[in-house]
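Next comes entry_0.txt, with compact mmCIF, C-alpha atoms.
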```txt
# COMPACT_ATOMS: atom_id res chain seq x y z
CA MET A 1 64.03 85.63 165.45
CA THR A 2 66.56 83.05 166.64
CA ASP A 3 69.95 83.97 168.09
CA ARG A 4 73.07 83.56 165.99
CA ALA A 5 74.91 80.33 166.90
CA SER A 6 78.59 80.71 166.14
CA ILE A 7 81.91 78.95 166.53
CA LEU A 8 83.66 81.32 168.94
CA GLY A 9 86.73 79.22 169.74
CA LEU A 10 88.54 76.21 168.28
CA GLY A 11 91.33 74.08 169.72
CA LEU A 12 93.27 70.97 168.78
CA ALA A 13 95.07 68.26 170.74
CA PRO A 14 96.94 65.71 168.66
CA ALA A 15 97.98 62.65 170.66
CA LYS A 16 101.39 62.60 172.33
CA TYR A 17 103.52 60.72 169.81
CA GLN A 18 104.06 61.78 166.21
CA VAL A 19 105.05 58.77 164.12
CA PHE A 20 106.08 59.04 160.49
CA GLN A 21 104.37 56.81 157.97
CA ASP A 22 107.40 54.90 156.71
CA LYS A 23 108.54 54.07 160.24
CA TYR A 24 105.08 52.96 161.35
CA THR A 25 104.68 50.80 158.24
CA ASP A 26 107.93 49.03 159.10
CA PHE A 27 106.58 48.46 162.62
CA VAL A 28 103.28 47.02 161.33
CA LEU A 29 105.05 44.66 158.93
CA ASP A 30 107.43 43.48 161.65
CA ALA A 31 104.65 43.10 164.25
CA MET A 32 102.42 41.20 161.83
CA LYS A 33 105.39 39.14 160.56
CA MET A 34 104.68 40.19 156.99
CA LYS A 35 107.99 41.76 156.00
CA GLY A 36 109.22 40.46 152.67
CA THR A 37 105.95 38.69 151.85
CA PRO A 38 103.65 39.48 148.91
CA ILE A 39 100.90 40.65 151.24
CA GLY A 40 103.44 42.77 153.12
CA ASP A 41 104.42 44.43 149.86
CA LYS A 42 100.74 45.29 149.27
CA VAL A 43 100.44 46.80 152.74
CA ARG A 44 103.53 48.93 152.15
CA SER A 45 102.18 50.07 148.80
CA LEU A 46 98.89 51.08 150.43
CA ALA A 47 100.67 52.99 153.20
CA THR A 48 102.99 54.86 150.84
CA THR A 49 100.29 55.94 148.38
CA CYS A 50 97.60 57.21 150.77
CA ASN A 51 99.00 60.77 151.01
CA ILE A 52 99.85 60.55 154.71
CA SER A 53 103.28 61.61 156.02
CA SER A 54 102.66 61.18 159.73
CA ARG A 55 100.06 60.44 162.37
CA TYR A 56 99.81 60.91 166.13
CA PHE A 57 99.29 58.03 168.58
CA ILE A 58 98.49 57.80 172.27
CA VAL A 59 100.96 54.90 172.56
CA ASP A 60 104.02 54.44 170.36
CA GLU A 61 105.57 51.00 170.36
CA SER A 62 107.19 51.45 166.97
CA ASN A 63 110.45 52.58 168.62
CA LYS A 64 110.56 49.76 171.18
CA PRO A 65 111.81 46.18 170.96
CA ARG A 66 109.08 43.58 171.23
CA GLU A 67 110.03 42.67 174.82
CA GLU A 68 109.21 46.25 175.93
CA TRP A 69 105.74 46.44 174.35
CA GLN A 70 102.96 47.35 176.76
CA HIS A 71 99.81 47.65 174.65
CA LEU A 72 100.33 44.80 172.20
CA PRO A 73 101.12 41.36 173.65
CA LYS A 74 104.76 40.37 173.21
CA ASN A 75 103.68 37.32 171.20
CA PHE A 76 101.52 39.37 168.81
CA PRO A 77 100.02 38.34 166.34
CA GLU A 78 99.57 34.94 167.98
CA SER A 79 97.51 36.77 170.61
CA THR A 80 96.15 40.28 170.83
CA ALA A 81 94.87 42.71 173.46
CA PRO A 82 91.31 42.00 174.68
CA MET A 83 88.61 44.63 174.64
CA ASP A 84 88.83 45.40 178.35
CA ALA A 85 92.56 46.16 178.14
CA ARG A 86 92.03 48.51 175.21
CA ASN A 87 89.12 50.24 176.91
CA LYS A 88 91.12 50.60 180.14
CA LEU A 89 93.73 52.58 178.20
CA TYR A 90 90.97 54.68 176.61
CA LYS A 91 89.56 55.45 180.06
CA ALA A 92 92.99 56.57 181.28
CA GLU A 93 94.01 58.65 178.27
CA ALA A 94 90.91 59.98 176.50
CA PRO A 95 89.67 62.40 179.21
CA GLN A 96 93.09 64.07 179.50
CA LEU A 97 93.38 64.47 175.74
CA ALA A 98 89.87 65.95 175.68
CA VAL A 99 90.86 68.45 178.39
CA ARG A 100 93.84 69.58 176.30
CA ALA A 101 91.61 70.26 173.29
CA CYS A 102 89.11 72.13 175.47
CA GLU A 103 91.88 74.24 177.03
CA ALA A 104 92.99 75.30 173.55
CA ALA A 105 89.42 76.08 172.41
CA ILE A 106 88.62 78.08 175.56
CA LYS A 107 91.85 80.07 175.23
CA ASP A 108 91.00 80.79 171.60
CA TRP A 109 87.49 81.90 172.62
CA GLY A 110 88.71 84.14 175.45
CA GLY A 111 85.68 83.70 177.70
CA ASP A 112 85.31 82.65 181.32
CA ALA A 113 84.52 78.93 181.20
CA ALA A 114 83.28 78.66 184.78
CA LYS A 115 80.86 81.57 184.36
CA GLU A 116 79.65 81.08 180.81
CA ILE A 117 79.69 77.44 179.69
CA THR A 118 76.28 75.85 180.15
CA HIS A 119 76.57 72.61 178.14
CA ILE A 120 79.22 70.03 177.29
CA ILE A 121 78.83 67.72 174.29
CA SER A 122 81.36 64.87 174.24
CA VAL A 123 81.79 62.86 171.03
CA SER A 124 83.64 59.55 170.68
CA CYS A 125 83.44 56.16 169.01
CA THR A 126 86.70 54.56 170.15
CA GLY A 127 85.96 53.81 173.78
CA VAL A 128 83.05 53.22 176.14
CA THR A 129 83.01 54.50 179.70
CA ALA A 130 80.48 56.10 182.00
CA PRO A 131 80.88 58.71 183.24
CA GLY A 132 82.57 59.91 180.08
CA PRO A 133 85.20 62.60 179.42
CA GLU A 134 82.59 65.30 179.95
CA VAL A 135 82.69 64.81 183.74
CA THR A 136 86.49 65.17 183.80
CA ILE A 137 86.09 68.35 181.74
CA LEU A 138 83.42 69.69 184.09
CA LYS A 139 85.68 69.24 187.11
CA HIS A 140 88.87 70.45 185.43
CA PHE A 141 87.33 73.81 184.48
CA ASN A 142 85.36 74.19 187.72
CA LEU A 143 82.07 74.26 185.85
CA PRO A 144 78.85 74.20 187.87
CA ALA A 145 77.57 70.74 188.78
CA SER A 146 74.36 71.74 186.97
CA THR A 147 76.19 72.05 183.61
CA GLN A 148 74.23 69.97 181.12
CA ARG A 149 76.11 67.03 179.59
CA ILE A 150 75.40 65.20 176.34
CA GLY A 151 77.24 62.17 174.96
CA ILE A 152 77.29 61.43 171.21
CA ASN A 153 78.80 58.00 170.85
CA LEU A 154 79.60 55.44 168.14
CA MET A 155 78.59 57.67 165.22
CA GLY A 156 82.01 57.43 163.59
CA CYS A 157 83.62 60.14 161.49
CA PHE A 158 80.56 62.38 161.33
CA GLY A 159 80.05 62.64 165.11
CA GLY A 160 81.44 66.17 165.16
CA PHE A 161 78.87 67.27 162.59
CA ARG A 162 76.02 65.97 164.74
CA ALA A 163 77.48 67.74 167.77
CA LEU A 164 77.60 71.04 165.87
CA ALA A 165 73.95 70.59 164.87
CA VAL A 166 72.93 69.95 168.49
CA ALA A 167 74.99 72.90 169.75
CA HIS A 168 73.39 75.15 167.13
CA ASP A 169 69.89 74.12 168.20
CA ILE A 170 70.68 74.67 171.89
CA VAL A 171 71.99 78.20 171.29
CA ALA A 172 69.55 79.30 168.59
CA ALA A 173 66.41 78.05 170.34
CA SER A 174 67.19 79.40 173.82
CA ARG A 175 64.73 81.86 175.33
CA ASN A 176 66.56 82.20 178.62
CA LYS A 177 66.93 85.95 179.13
CA HIS A 178 69.17 85.59 182.19
CA LYS A 179 71.90 83.30 180.84
CA LYS A 180 72.41 82.49 177.18
CA PRO A 181 73.83 79.04 176.41
CA VAL A 182 77.49 78.52 175.62
CA VAL A 183 78.23 74.98 174.44
CA LEU A 184 81.62 73.27 174.66
CA VAL A 185 81.90 70.51 172.03
CA VAL A 186 84.80 68.04 172.21
CA CYS A 187 85.58 65.07 169.95
CA THR A 188 88.08 62.55 171.32
CA GLU A 189 89.27 59.53 169.36
CA LEU A 190 91.94 56.91 170.08
CA CYS A 191 91.60 54.89 166.89
CA SER A 192 94.99 53.18 167.25
CA LEU A 193 93.84 51.26 170.32
CA HIS A 194 91.83 49.00 168.02
CA PHE A 195 94.67 47.68 165.86
CA GLN A 196 93.54 44.25 164.74
CA VAL A 197 95.30 41.03 163.83
CA ALA A 198 93.02 39.77 161.04
CA MET A 199 94.72 39.62 157.63
CA ASN A 200 92.07 41.55 155.73
CA PHE A 201 91.44 44.80 153.87
CA GLU A 202 90.06 46.61 156.93
CA THR A 203 93.14 45.86 159.05
CA PHE A 204 95.48 47.11 156.36
CA VAL A 205 93.47 50.30 155.74
CA ALA A 206 93.28 51.04 159.46
CA SER A 207 97.02 50.52 159.90
CA ALA A 208 97.71 53.00 157.09
CA LEU A 209 95.02 55.62 157.71
CA PHE A 210 93.85 56.20 161.29
CA GLY A 211 95.41 58.24 164.07
CA ASP A 212 94.56 59.63 167.52
CA GLY A 213 93.54 63.13 168.53
CA ALA A 214 90.96 65.43 170.09
CA SER A 215 89.45 68.72 168.95
CA ALA A 216 87.02 71.15 170.52
CA VAL A 217 84.90 74.17 169.65
CA VAL A 218 83.00 76.69 171.74
CA VAL A 219 79.58 77.52 170.30
CA GLY A 220 77.58 80.52 171.47
CA SER A 221 75.88 83.75 170.42
CA PRO A 222 78.30 86.67 169.93
CA GLU A 223 75.51 89.16 170.69
CA HIS A 224 75.02 87.67 174.16
CA SER A 225 78.62 86.72 175.02
CA LEU A 226 79.83 88.13 178.33
CA SER A 227 83.34 88.15 176.88
CA LYS A 228 82.19 90.00 173.72
CA ALA A 229 83.59 87.14 171.66
CA LYS A 230 83.57 87.29 167.88
CA SER A 231 82.82 84.51 165.44
CA TRP A 232 85.04 82.30 163.32
CA TRP A 233 81.94 80.91 161.61
CA ASP A 234 78.18 81.21 162.12
CA ILE A 235 76.35 77.89 161.86
CA VAL A 236 73.64 78.39 159.24
CA ARG A 237 72.20 74.91 158.77
CA SER A 238 73.00 71.20 159.02
CA GLN A 239 71.70 68.25 157.02
CA SER A 240 71.98 64.46 157.04
CA ILE A 241 71.06 61.63 154.74
CA VAL A 242 71.43 57.85 154.88
CA VAL A 243 72.23 56.37 151.49
CA GLU A 244 69.73 53.68 150.47
CA LYS A 245 70.85 50.05 150.65
CA SER A 246 74.24 50.96 152.09
CA GLU A 247 74.08 49.66 155.66
CA ASP A 248 76.78 47.04 155.01
CA GLN A 249 79.30 49.42 153.44
CA MET A 250 80.74 50.76 156.69
CA THR A 251 80.26 49.30 160.16
CA TRP A 252 81.99 49.66 163.54
CA GLU A 253 81.15 47.02 166.12
CA ALA A 254 82.46 45.87 169.50
CA GLY A 255 84.30 42.57 169.45
CA ASN A 256 86.22 40.47 171.97
CA ASN A 257 89.46 42.15 170.89
CA GLY A 258 88.42 45.77 170.44
CA PHE A 259 86.17 47.54 167.98
CA VAL A 260 86.12 45.94 164.54
CA MET A 261 85.70 47.94 161.35
CA LYS A 262 84.15 46.63 158.17
CA LEU A 263 84.65 48.63 154.99
CA SER A 264 83.41 48.13 151.46
CA ASN A 265 85.39 49.17 148.41
CA ARG A 266 82.11 50.67 147.16
CA ILE A 267 82.29 53.55 149.65
CA PRO A 268 84.15 56.06 147.42
CA ASP A 269 81.66 55.47 144.59
CA SER A 270 78.66 55.77 146.92
CA VAL A 271 79.97 59.05 148.35
CA LYS A 272 80.87 60.39 144.91
CA LYS A 273 77.47 59.50 143.47
CA ASN A 274 75.27 60.86 146.27
CA THR A 275 77.15 63.96 147.43
CA PRO A 276 76.40 66.42 144.56
CA ILE A 277 72.62 66.28 145.12
CA PHE A 278 73.18 66.43 148.87
CA VAL A 279 75.33 69.55 148.51
CA GLU A 280 72.68 71.27 146.40
CA SER A 281 70.14 70.59 149.12
CA ILE A 282 72.42 72.17 151.73
CA LEU A 283 73.03 75.24 149.60
CA LYS A 284 69.35 75.73 148.84
CA GLY A 285 68.15 75.09 152.40
CA GLU A 286 65.42 72.81 151.11
CA GLU A 287 64.52 71.62 154.63
CA GLU A 288 63.87 75.16 155.91
CA GLU A 289 60.74 77.24 155.74
CA GLU A 290 60.75 79.38 152.62
CA GLU A 291 60.58 82.74 154.42
CA ASN A 292 63.75 81.88 156.41
CA ARG A 293 65.63 80.32 153.53
CA ARG A 294 68.87 81.80 152.18
CA VAL A 295 69.93 80.15 148.92
CA VAL A 296 73.72 80.06 148.59
CA LYS A 297 75.52 79.80 145.26
CA ARG A 298 78.47 77.47 144.62
CA GLU A 299 80.79 80.36 143.81
CA GLU A 300 80.15 81.81 147.29
CA VAL A 301 81.60 78.84 149.20
CA GLU A 302 84.89 77.35 150.27
CA TRP A 303 85.17 73.68 151.23
CA ALA A 304 85.99 71.75 154.40
CA ILE A 305 85.80 68.04 153.53
CA HIS A 306 86.45 65.33 156.09
CA PRO A 307 89.54 63.52 154.75
CA GLY A 308 88.20 60.00 155.05
CA GLY A 309 90.95 58.90 152.68
CA LYS A 310 92.63 59.76 149.41
CA ALA A 311 89.91 58.14 147.28
CA ILE A 312 87.17 60.09 149.10
CA ILE A 313 88.77 63.49 148.51
CA GLU A 314 89.66 62.72 144.90
CA GLY A 315 86.15 61.41 144.20
CA LEU A 316 84.55 64.58 145.57
CA GLU A 317 86.93 66.80 143.66
CA ASP A 318 85.65 65.09 140.53
CA SER A 319 81.95 64.91 141.34
CA LEU A 320 81.69 68.44 142.77
CA GLY A 321 83.88 70.03 140.09
CA LEU A 322 86.42 71.33 142.62
CA LYS A 323 89.89 72.57 141.76
CA LYS A 324 92.12 69.63 142.64
CA GLY A 325 94.40 70.28 145.57
CA GLU A 326 93.27 73.91 145.76
CA ASP A 327 89.63 73.95 146.91
CA THR A 328 90.48 70.92 149.07
CA LYS A 329 93.88 72.04 150.30
CA SER A 330 92.90 72.08 153.99
CA SER A 331 91.62 68.50 153.75
CA TRP A 332 94.79 67.27 152.05
CA GLU A 333 96.99 69.06 154.61
CA THR A 334 95.08 67.50 157.50
CA LEU A 335 95.26 64.03 155.97
CA ASP A 336 99.00 64.43 155.34
CA LYS A 337 99.91 65.52 158.87
CA TYR A 338 97.38 63.68 161.03
CA GLY A 339 95.65 60.96 159.00
CA ASN A 340 92.00 60.23 159.79
CA MET A 341 91.12 60.77 163.48
CA SER A 342 87.45 59.90 163.02
CA SER A 343 85.10 62.49 164.56
CA ALA A 344 87.94 64.78 165.71
CA THR A 345 89.20 65.32 162.15
CA PHE A 346 86.66 67.85 160.85
CA PHE A 347 87.66 70.54 163.35
CA PHE A 348 91.31 69.98 162.34
CA VAL A 349 90.24 70.77 158.76
CA LEU A 350 88.46 73.93 159.93
CA ASP A 351 91.60 74.95 161.82
CA ALA A 352 93.70 74.53 158.68
CA LEU A 353 91.14 76.51 156.68
CA ARG A 354 90.96 79.46 159.10
CA ARG A 355 94.73 79.91 158.74
CA LYS A 356 94.32 80.71 155.05
CA GLU A 357 93.03 83.82 153.33
CA VAL A 358 89.37 83.64 152.41
CA GLY A 359 89.07 82.58 148.77
CA GLN A 360 87.59 84.69 146.00
CA ASP A 361 85.19 83.96 143.20
CA GLU A 362 86.03 84.62 139.56
CA ALA A 363 84.88 88.24 139.92
CA GLY A 364 87.30 88.81 142.79
CA LYS A 365 84.63 88.87 145.50
CA LYS A 366 85.51 87.17 148.78
CA LYS A 367 83.61 83.99 149.51
CA GLU A 368 81.11 84.24 152.33
CA TYR A 369 80.39 80.61 153.26
CA THR A 370 82.04 77.29 154.05
CA VAL A 371 80.47 73.92 153.24
CA GLY A 372 81.58 71.10 155.54
CA LEU A 373 81.08 67.49 154.47
CA GLY A 374 81.51 64.26 156.43
CA PHE A 375 80.74 60.57 156.04
CA GLY A 376 80.31 57.57 158.29
CA PRO A 377 78.40 54.40 159.16
CA GLY A 378 74.94 54.26 157.66
CA LEU A 379 76.28 54.89 155.00
CA ALA A 380 75.53 58.45 156.05
CA LEU A 381 76.41 61.82 154.55
CA GLU A 382 76.57 64.82 156.88
CA GLY A 383 76.83 68.45 155.89
CA VAL A 384 76.97 71.85 157.50
CA LEU A 385 76.74 75.33 155.99
CA LEU A 386 78.82 77.91 157.84
CA LYS A 387 78.93 81.68 157.25
CA ILE A 388 82.44 83.06 157.52
CA GLY A 389 82.73 85.26 160.62
CA GLU A 390 84.56 88.40 161.71
CA ARG A 391 87.61 86.59 163.07
CA ARG A 392 88.81 85.15 159.77
CA GLY A 393 92.10 86.82 158.97
CA GLU A 394 93.44 86.87 162.53
CA GLN A 395 97.00 85.67 163.04
CA ILE A 396 96.85 82.28 164.73
CA GLN A 397 99.44 80.53 166.86
CA GLU A 398 99.52 76.76 167.15
CA ASN A 399 96.17 75.99 168.81
CA GLY A 400 95.64 79.62 169.75
CA VAL A 401 95.35 83.23 168.62
CA GLU A 402 98.05 85.87 168.68
```

Produce structure tokens that represent the structure in this file.
Amino acid sequence: MTDRASILGLGLAPAKYQVFQDKYTDFVLDAMKMKGTPIGDKVRSLATTCNISSRYFIVDESNKPREEWQHLPKNFPESTAPMDARNKLYKAEAPQLAVRACEAAIKDWGGDAAKEITHIISVSCTGVTAPGPEVTILKHFNLPASTQRIGINLMGCFGGFRALAVAHDIVAASRNKHKKPVVLVVCTELCSLHFQVAMNFETFVASALFGDGASAVVVGSPEHSLSKAKSWWDIVRSQSIVVEKSEDQMTWEAGNNGFVMKLSNRIPDSVKKNTPIFVESILKGEEEEEENRRVVKREEVEWAIHPGGKAIIEGLEDSLGLKKGEDTKSSWETLDKYGNMSSATFFFVLDALRRKEVGQDEAGKKKEYTVGLGFGPGLALEGVLLKIGERRGEQIQENGVE
């Protein structure tokens, strides 16, 4: 029998500067010299109808005159920051933001990081540096030099899902009787560093949708925790699928002037069409051996959907038959306050969800499971089935537990 692999702690670290959507839209239009133009009106319309009130950024130049800009060139958009300048800022800021998220998750867990953490999984797609943030984390928390480190890079918005799957396998498969694994997972994304100058759909979507932040979880086995930690969620199973003939629908590639995103307007339809069958597979555990399989019913689950954008959430509400704005409330709240922070976003959704009472089915029975759904380049669908743990219902402070 495998050990239970559970989320024992969860912490968030939004980037330093909160910027409200209307103010940032004014900044984008001024910077791109589009104010008062037909295309500028379209950009404003996109920004004001995407259900985002604010986002957090590692650098905020929206409150500075052009001559005081530091990240964008003062003659932008005639020239723009090269890749090395953007990556230099990532190297300076990302590790510290990751540490903040880890501090919050470790505090929430309540364990002794130096004695118990055995693995670090660092997830990111918005910068490239070796060593990565995991080495800064190792040193900051005085972890042993032998702590195992794993980097999951350039997987986009579903990177956190893959990290949870790896953490589950590490904990569940361990046969070490002397020291059971405890895995620290951190997702760190500085999407705003890659603001582009091209007058196209992708630039306008990115300017309206993406923000910066980090999130972390501690994954371990409650039965073997030295700190006697309890579970927010037990990780039951994870699944992935790449949609056929969809490779061109979402891409993220390095360019001379930062990472460049390519998006197709077919993405919402592709996600909407393929997700219902994918969800049924997750609930039925079709990839597991029959004797270990636990089939979960729809009425037993609550939902944690990565808020890839307004059209994504609305499409899944329709295709999955969810109660609009109710079953997906945590996703809408995350989108409204933070925007899309790529791989870091899913744990923000889980944080919003754990602050709410567990939902009930029509018979008044409390739901026992959470289905998490994410999407990214591939076009790939990622899912995780979580069993609601003992800690749900605790009073939670901002990024911590009372």

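Of the listed residues (A:Lys107, A:Lys356, A:Lys337, A:Arg44), A:Lys337 comes nearest to Asp212 (chain A); the distances count only C-alpha atoms.
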
- Would you mind telling me which residue in A:Leu154, A:Leu164, A:Glu189, A:Asn51 lies nearest to Ser331 (chain A) when using all atoms listed in the file? A:Asn51

- Message: If we count only C-alpha atoms and set the cut-off at 12 Å, which residues sit around region 280-282 of chain A, ignoring sequence neighbours fewer than 4 positions away in its own chain? Please answer as a PyMOL selection string.
- Response: chain A and resi 236-241+274-276+286-288+293-298+301+320+369-373+381-386

- Between CA of Leu97 (chain A) and CA of Ala304 (chain A) lies a distance of 23.7 Å

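One distance worth recording is that between CA of Ala167 (chain A) and CA of Ile120 (chain A), which is 9.1 Å.
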
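The gap separating CA of Val186 (chain A) from CA of Gly160 (chain A) is 8.0 Å, in Å to one decimal.
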
- If we count all atoms listed in the file, what is near Asp351 (chain A) at a cut-off of 12 Å, once residues fewer than 3 positions away on the same chain are taken out, given as a ChimeraX atom specification? /A:7,9-13,104-105,108,215-217,232-233,304,330-331,333-334,344-348,354-356,392,396-401

Let me have the centre and edge lengths in Å, one decimal, of the box along x, y and z around every listed atom of region 224-235 of chain A with 5 Å of margin on each side, as AutoDock Vina command-line options.
```
--center_x 80.0 --center_y 83.9 --center_z 170.0 --size_x 20.0 --size_y 22.1 --size_z 26.7
```

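Closest approach to Ala214 (chain A) among A:Ile388, A:Ile312, A:Ala198, A:Ile58 is made by A:Ile58 (distances from only C-alpha atoms).
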
- Query: For Arg55 (chain A), which residue among A:Asp22, A:Glu314, A:Glu116, A:Glu302 is the nearest when counting all atoms listed in the file?
  - Reply: A:Asp22

- Query: What lies within 12 Å of Ile313 (chain A) using all atoms listed in the file, ignoring chain neighbours under 5 positions off, as a PyMOL selection string?
  - Reply: chain A and resi 50-51+267-269+271-272+275+303-308+318-335+373-375

- Pick from A:Lys310, A:His71, A:Lys284, A:Arg4: nearest to Ser174 (chain A), with only C-alpha atoms counted? A:Arg4

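For the choices A:Arg149, A:Lys91, A:Lys115, A:Arg100, the atom-to-atom distance to Thr129 (chain A) is smallest for A:Lys91 when using all atoms listed in the file.
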
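Excluding region 34-39 of chain A and any residue on its chain fewer than 5 positions from it, the residues at most 10 Å away by all atoms listed in the file are Thr25, Asp26, Phe27, Val28, Leu29, Arg44, Ser45, Met199, Asn200 and Phe204 of chain A.
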
- Selection near Glu223 (chain A), 10 Å with only C-alpha atoms, sequence-local residues under 3 positions removed, as JSON, numbers by chain: {"A": [3, 4, 5, 180, 220, 226, 228, 229, 230]}

For the contact check between region 355-394 of chain A and region 259-264 of chain A, emit one row per residue of region 355-394 of chain A within 12 Å, containing the shortest atom pair and the distance in Å rounded to one decimal, counting all atoms listed in the file, chain then rising number order, as JSON lines.
```
{"residue": "A:Gly376", "atom": "CA", "partner": "A:Leu263", "partner_atom": "CA", "distance": 10.5}
{"residue": "A:Pro377", "atom": "CA", "partner": "A:Leu263", "partner_atom": "CA", "distance": 9.5}
{"residue": "A:Gly378", "atom": "CA", "partner": "A:Leu263", "partner_atom": "CA", "distance": 11.5}
{"residue": "A:Leu379", "atom": "CA", "partner": "A:Ser264", "partner_atom": "CA", "distance": 10.4}
```
